[in-house]
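Worksheet: the structure to be examined is printed underneath.
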Amino acid sequence: MQFDLSPIDTVDLISKEDFQKHYLKPRKPLIIKHLSKDWPAYHKWTMDYLKEAVGDQTVPLYDSSKADPSKPINASATEMKFADYIDLIKETPTDLRIFLFDPIKHAPKLLEDYIAPKNLMEGFLDSYPNMFFGGKGSVTFLHYDVDLAHIFHTHFNGRKHVILFENKWKERLYQIPYATYALEDYDVENPDFERFPALKGVKGIEAFLEHGDTLFMPTGYWHWMKYLDGSFSISLRAWDKSWVVKAKSLYNLTLQRKFDDFMKGNFKEKYMNWKEQLAIKRANKALENKRPV
């Protein structure tokens, strides 16, 4: 069985007026097929090009195992030379991924290869692009971004399966308290509605990104991603104009994260078990009360 998923709106290009009216203001996801076609990266960013540009930097790698309750959420599973990792994902399916490592810091010339879509909106964080790499079959667990930025996520060198949910479904998705990710015990592609009944009836949207496709993800959208090929993406982030959203972002990044790390460090599995049980209790209550309306 699967979630109730609809396709994401897709356009080749879009005007600023239409983008802001139909997608930015209502906070609705969109795929823009040709946004990156004028970028040097569209033609230059192959696996071999990035391998040569970044070289032998040691990078942290993340796998699909469930988070260790005694460690921060972003604790890595292992590490490897960047060039060796690129060789691995070119040839071999693997669940190892790179995130929270910025190749651009080690190869500043990459900054010249992409263009933030300032013709569509303002507020881009020019100094903080993020790149993500994954082997065929690797999965990014279901979560929403802690800083609550709008994201323009452009994919390269392969295909990626994406499933998105509005933030209003967070309780029904079994959100872990004091965190921005969901209970990791269910399969987003094939959820077990008997074991996790609150998932039944949750509505989402789905896309399959190809080389050069740009996905606009509005602030707070839950996302799950699966690399169908060894490939990579870049995310350009922009602030939401709402001061309420900005305040929530600051809270997530400071008080909530510090509290959660403190509790993990001191209470480990006991704290994690309590959080998981509370996530289940909240999900069941939301289902019983037929939330969200």
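A note on labels: chains of the structure tokens are A, B, ... as shown, every chain counts residues from 1, and ligands are counted from 1 in their shown order.
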Non-local contacts of His161 in chain A (10 Å; only C-alpha atoms; under 6 positions in same chain excluded) as an NGL selection string | :A and (139 or 189 or 206-210 or 224-229)
Would you please give, as a VMD selection string, all residues of range 27-89 of chain A that DSSP assigns to helix (DSSP H, G or I) based on the backbone?
-> chain A and resid 41 to 44 47 to 54 82 to 89
Once you have the residues from the selection above, write them out as a PDB file, in the first residue's frame, restricted to N, CA and C atoms.
```pdb
ATOM      1  N   ALA A  41      27.041  24.880 -14.804  1.00  0.00           N
ATOM      2  CA  ALA A  41      26.974  23.572 -14.144  1.00  0.00           C
ATOM      3  C   ALA A  41      26.168  22.555 -14.934  1.00  0.00           C
ATOM      4  N   TYR A  42      25.200  23.018 -15.695  1.00  0.00           N
ATOM      5  CA  TYR A  42      24.334  22.095 -16.431  1.00  0.00           C
ATOM      6  C   TYR A  42      25.154  21.179 -17.334  1.00  0.00           C
ATOM      7  N   HIS A  43      26.217  21.717 -17.908  1.00  0.00           N
ATOM      8  CA  HIS A  43      27.065  20.931 -18.807  1.00  0.00           C
ATOM      9  C   HIS A  43      28.354  20.469 -18.130  1.00  0.00           C
ATOM     10  N   LYS A  44      28.844  21.229 -17.146  1.00  0.00           N
ATOM     11  CA  LYS A  44      30.159  20.946 -16.569  1.00  0.00           C
ATOM     12  C   LYS A  44      30.125  19.949 -15.414  1.00  0.00           C
ATOM     13  N   MET A  47      30.430  13.723 -12.615  1.00  0.00           N
ATOM     14  CA  MET A  47      31.115  13.116 -11.476  1.00  0.00           C
ATOM     15  C   MET A  47      32.621  13.384 -11.546  1.00  0.00           C
ATOM     16  N   ASP A  48      33.190  13.206 -12.727  1.00  0.00           N
ATOM     17  CA  ASP A  48      34.633  13.367 -12.873  1.00  0.00           C
ATOM     18  C   ASP A  48      35.064  14.814 -12.657  1.00  0.00           C
ATOM     19  N   TYR A  49      34.232  15.758 -13.089  1.00  0.00           N
ATOM     20  CA  TYR A  49      34.572  17.169 -12.904  1.00  0.00           C
ATOM     21  C   TYR A  49      34.629  17.517 -11.419  1.00  0.00           C
ATOM     22  N   LEU A  50      33.627  17.074 -10.661  1.00  0.00           N
ATOM     23  CA  LEU A  50      33.618  17.380  -9.228  1.00  0.00           C
ATOM     24  C   LEU A  50      34.726  16.627  -8.500  1.00  0.00           C
ATOM     25  N   LYS A  51      34.993  15.413  -8.933  1.00  0.00           N
ATOM     26  CA  LYS A  51      36.088  14.644  -8.343  1.00  0.00           C
ATOM     27  C   LYS A  51      37.411  15.386  -8.492  1.00  0.00           C
ATOM     28  N   GLU A  52      37.651  15.923  -9.674  1.00  0.00           N
ATOM     29  CA  GLU A  52      38.887  16.654  -9.922  1.00  0.00           C
ATOM     30  C   GLU A  52      38.908  17.974  -9.147  1.00  0.00           C
ATOM     31  N   ALA A  53      37.754  18.649  -9.073  1.00  0.00           N
ATOM     32  CA  ALA A  53      37.691  19.956  -8.427  1.00  0.00           C
ATOM     33  C   ALA A  53      37.902  19.863  -6.914  1.00  0.00           C
ATOM     34  N   VAL A  54      37.322  18.857  -6.286  1.00  0.00           N
ATOM     35  CA  VAL A  54      37.360  18.750  -4.827  1.00  0.00           C
ATOM     36  C   VAL A  54      38.528  17.892  -4.345  1.00  0.00           C
ATOM     37  N   PHE A  82      36.862  12.110  -0.718  1.00  0.00           N
ATOM     38  CA  PHE A  82      35.798  12.498  -1.646  1.00  0.00           C
ATOM     39  C   PHE A  82      35.967  11.805  -2.998  1.00  0.00           C
ATOM     40  N   ALA A  83      37.189  11.772  -3.531  1.00  0.00           N
ATOM     41  CA  ALA A  83      37.419  11.155  -4.837  1.00  0.00           C
ATOM     42  C   ALA A  83      37.064   9.671  -4.816  1.00  0.00           C
ATOM     43  N   ASP A  84      37.390   8.993  -3.721  1.00  0.00           N
ATOM     44  CA  ASP A  84      37.054   7.567  -3.610  1.00  0.00           C
ATOM     45  C   ASP A  84      35.551   7.365  -3.524  1.00  0.00           C
ATOM     46  N   TYR A  85      34.882   8.268  -2.829  1.00  0.00           N
ATOM     47  CA  TYR A  85      33.426   8.167  -2.728  1.00  0.00           C
ATOM     48  C   TYR A  85      32.771   8.340  -4.098  1.00  0.00           C
ATOM     49  N   ILE A  86      33.230   9.299  -4.889  1.00  0.00           N
ATOM     50  CA  ILE A  86      32.680   9.498  -6.223  1.00  0.00           C
ATOM     51  C   ILE A  86      32.871   8.251  -7.071  1.00  0.00           C
ATOM     52  N   ASP A  87      34.052   7.635  -7.004  1.00  0.00           N
ATOM     53  CA  ASP A  87      34.280   6.381  -7.731  1.00  0.00           C
ATOM     54  C   ASP A  87      33.306   5.301  -7.276  1.00  0.00           C
ATOM     55  N   LEU A  88      33.018   5.254  -5.973  1.00  0.00           N
ATOM     56  CA  LEU A  88      32.095   4.257  -5.429  1.00  0.00           C
ATOM     57  C   LEU A  88      30.694   4.421  -6.005  1.00  0.00           C
ATOM     58  N   ILE A  89      30.147   5.635  -5.947  1.00  0.00           N
ATOM     59  CA  ILE A  89      28.751   5.810  -6.374  1.00  0.00           C
ATOM     60  C   ILE A  89      28.594   5.781  -7.889  1.00  0.00           C
TER      61      ILE A  89
END
```
In terms of the shortest atom-to-atom distance over only C-alpha atoms, which of A:Phe165, A:Tyr181, A:Trp222, A:Trp239 is closest to Lys203 in chain A?
-> A:Phe165
So, counting only C-alpha atoms, which residue among A:Ile31, A:Val188, A:Met131, A:Leu24 is closest to Phe156 in chain A?
->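 Comparing A:Ile31, A:Val188, A:Met131, A:Leu24 against Phe156 in chain A, the winner is A:Met131.
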Counting only C-alpha atoms, which residues in range 172-220 of chain A sit no more than 12 Å from range 97-121 of chain A? For each one, give the nearest pair of atoms and the distance in Å, sorted by chain then residue number, as CSV.
```
residue,atom,partner,partner_atom,distance
A:Gly212,CA,A:Tyr114,CA,11.2
A:Thr214,CA,A:Pro117,CA,10.5
A:Phe216,CA,A:Pro117,CA,10.8
```
Got time to write the residues from that selection, N, CA and C atoms, as a PDB file, in the first residue's frame?
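File written: again.pdb
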```
ATOM      1  N   GLY A 212      19.256  18.323 -14.220  1.00  0.00           N
ATOM      2  CA  GLY A 212      18.920  19.722 -14.481  1.00  0.00           C
ATOM      3  C   GLY A 212      17.595  20.183 -13.934  1.00  0.00           C
ATOM      4  N   THR A 214      14.856  21.454 -11.354  1.00  0.00           N
ATOM      5  CA  THR A 214      14.887  22.199 -10.099  1.00  0.00           C
ATOM      6  C   THR A 214      13.556  22.052  -9.379  1.00  0.00           C
ATOM      7  N   PHE A 216      11.283  23.382  -6.374  1.00  0.00           N
ATOM      8  CA  PHE A 216      11.043  24.421  -5.369  1.00  0.00           C
ATOM      9  C   PHE A 216      10.274  23.796  -4.215  1.00  0.00           C
TER      10      PHE A 216
END
```
In Å, with one decimal, what is the gap from CA of Pro60 in chain A to CA of Leu173 in chain A?
->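 It comes out at 28.3 Å.
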Measure the distance from CA of Pro292 in chain A to CA of Lys21 in chain A in Å and round it to one decimal.
->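 Result for CA of Pro292 in chain A versus CA of Lys21 in chain A: 24.7 Å, one decimal.
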With distances taken over only C-alpha atoms, which of A:Tyr144, A:Phe132, A:Trp45, A:Phe3 is nearest to Pro218 in chain A?
->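 Of A:Tyr144, A:Phe132, A:Trp45, A:Phe3, the one nearest Pro218 in chain A is A:Tyr144, counting only C-alpha atoms.
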Could you pull the residues within 10 Å of range 168-170 of chain A, counting only C-alpha atoms, minus those fewer than 3 positions along the same chain, as number ranges by chain?
-> A: 143-144, 165, 173-176, 180-182, 198-199, 202-204, 220-222, 279, 282-283, 286, 291-293
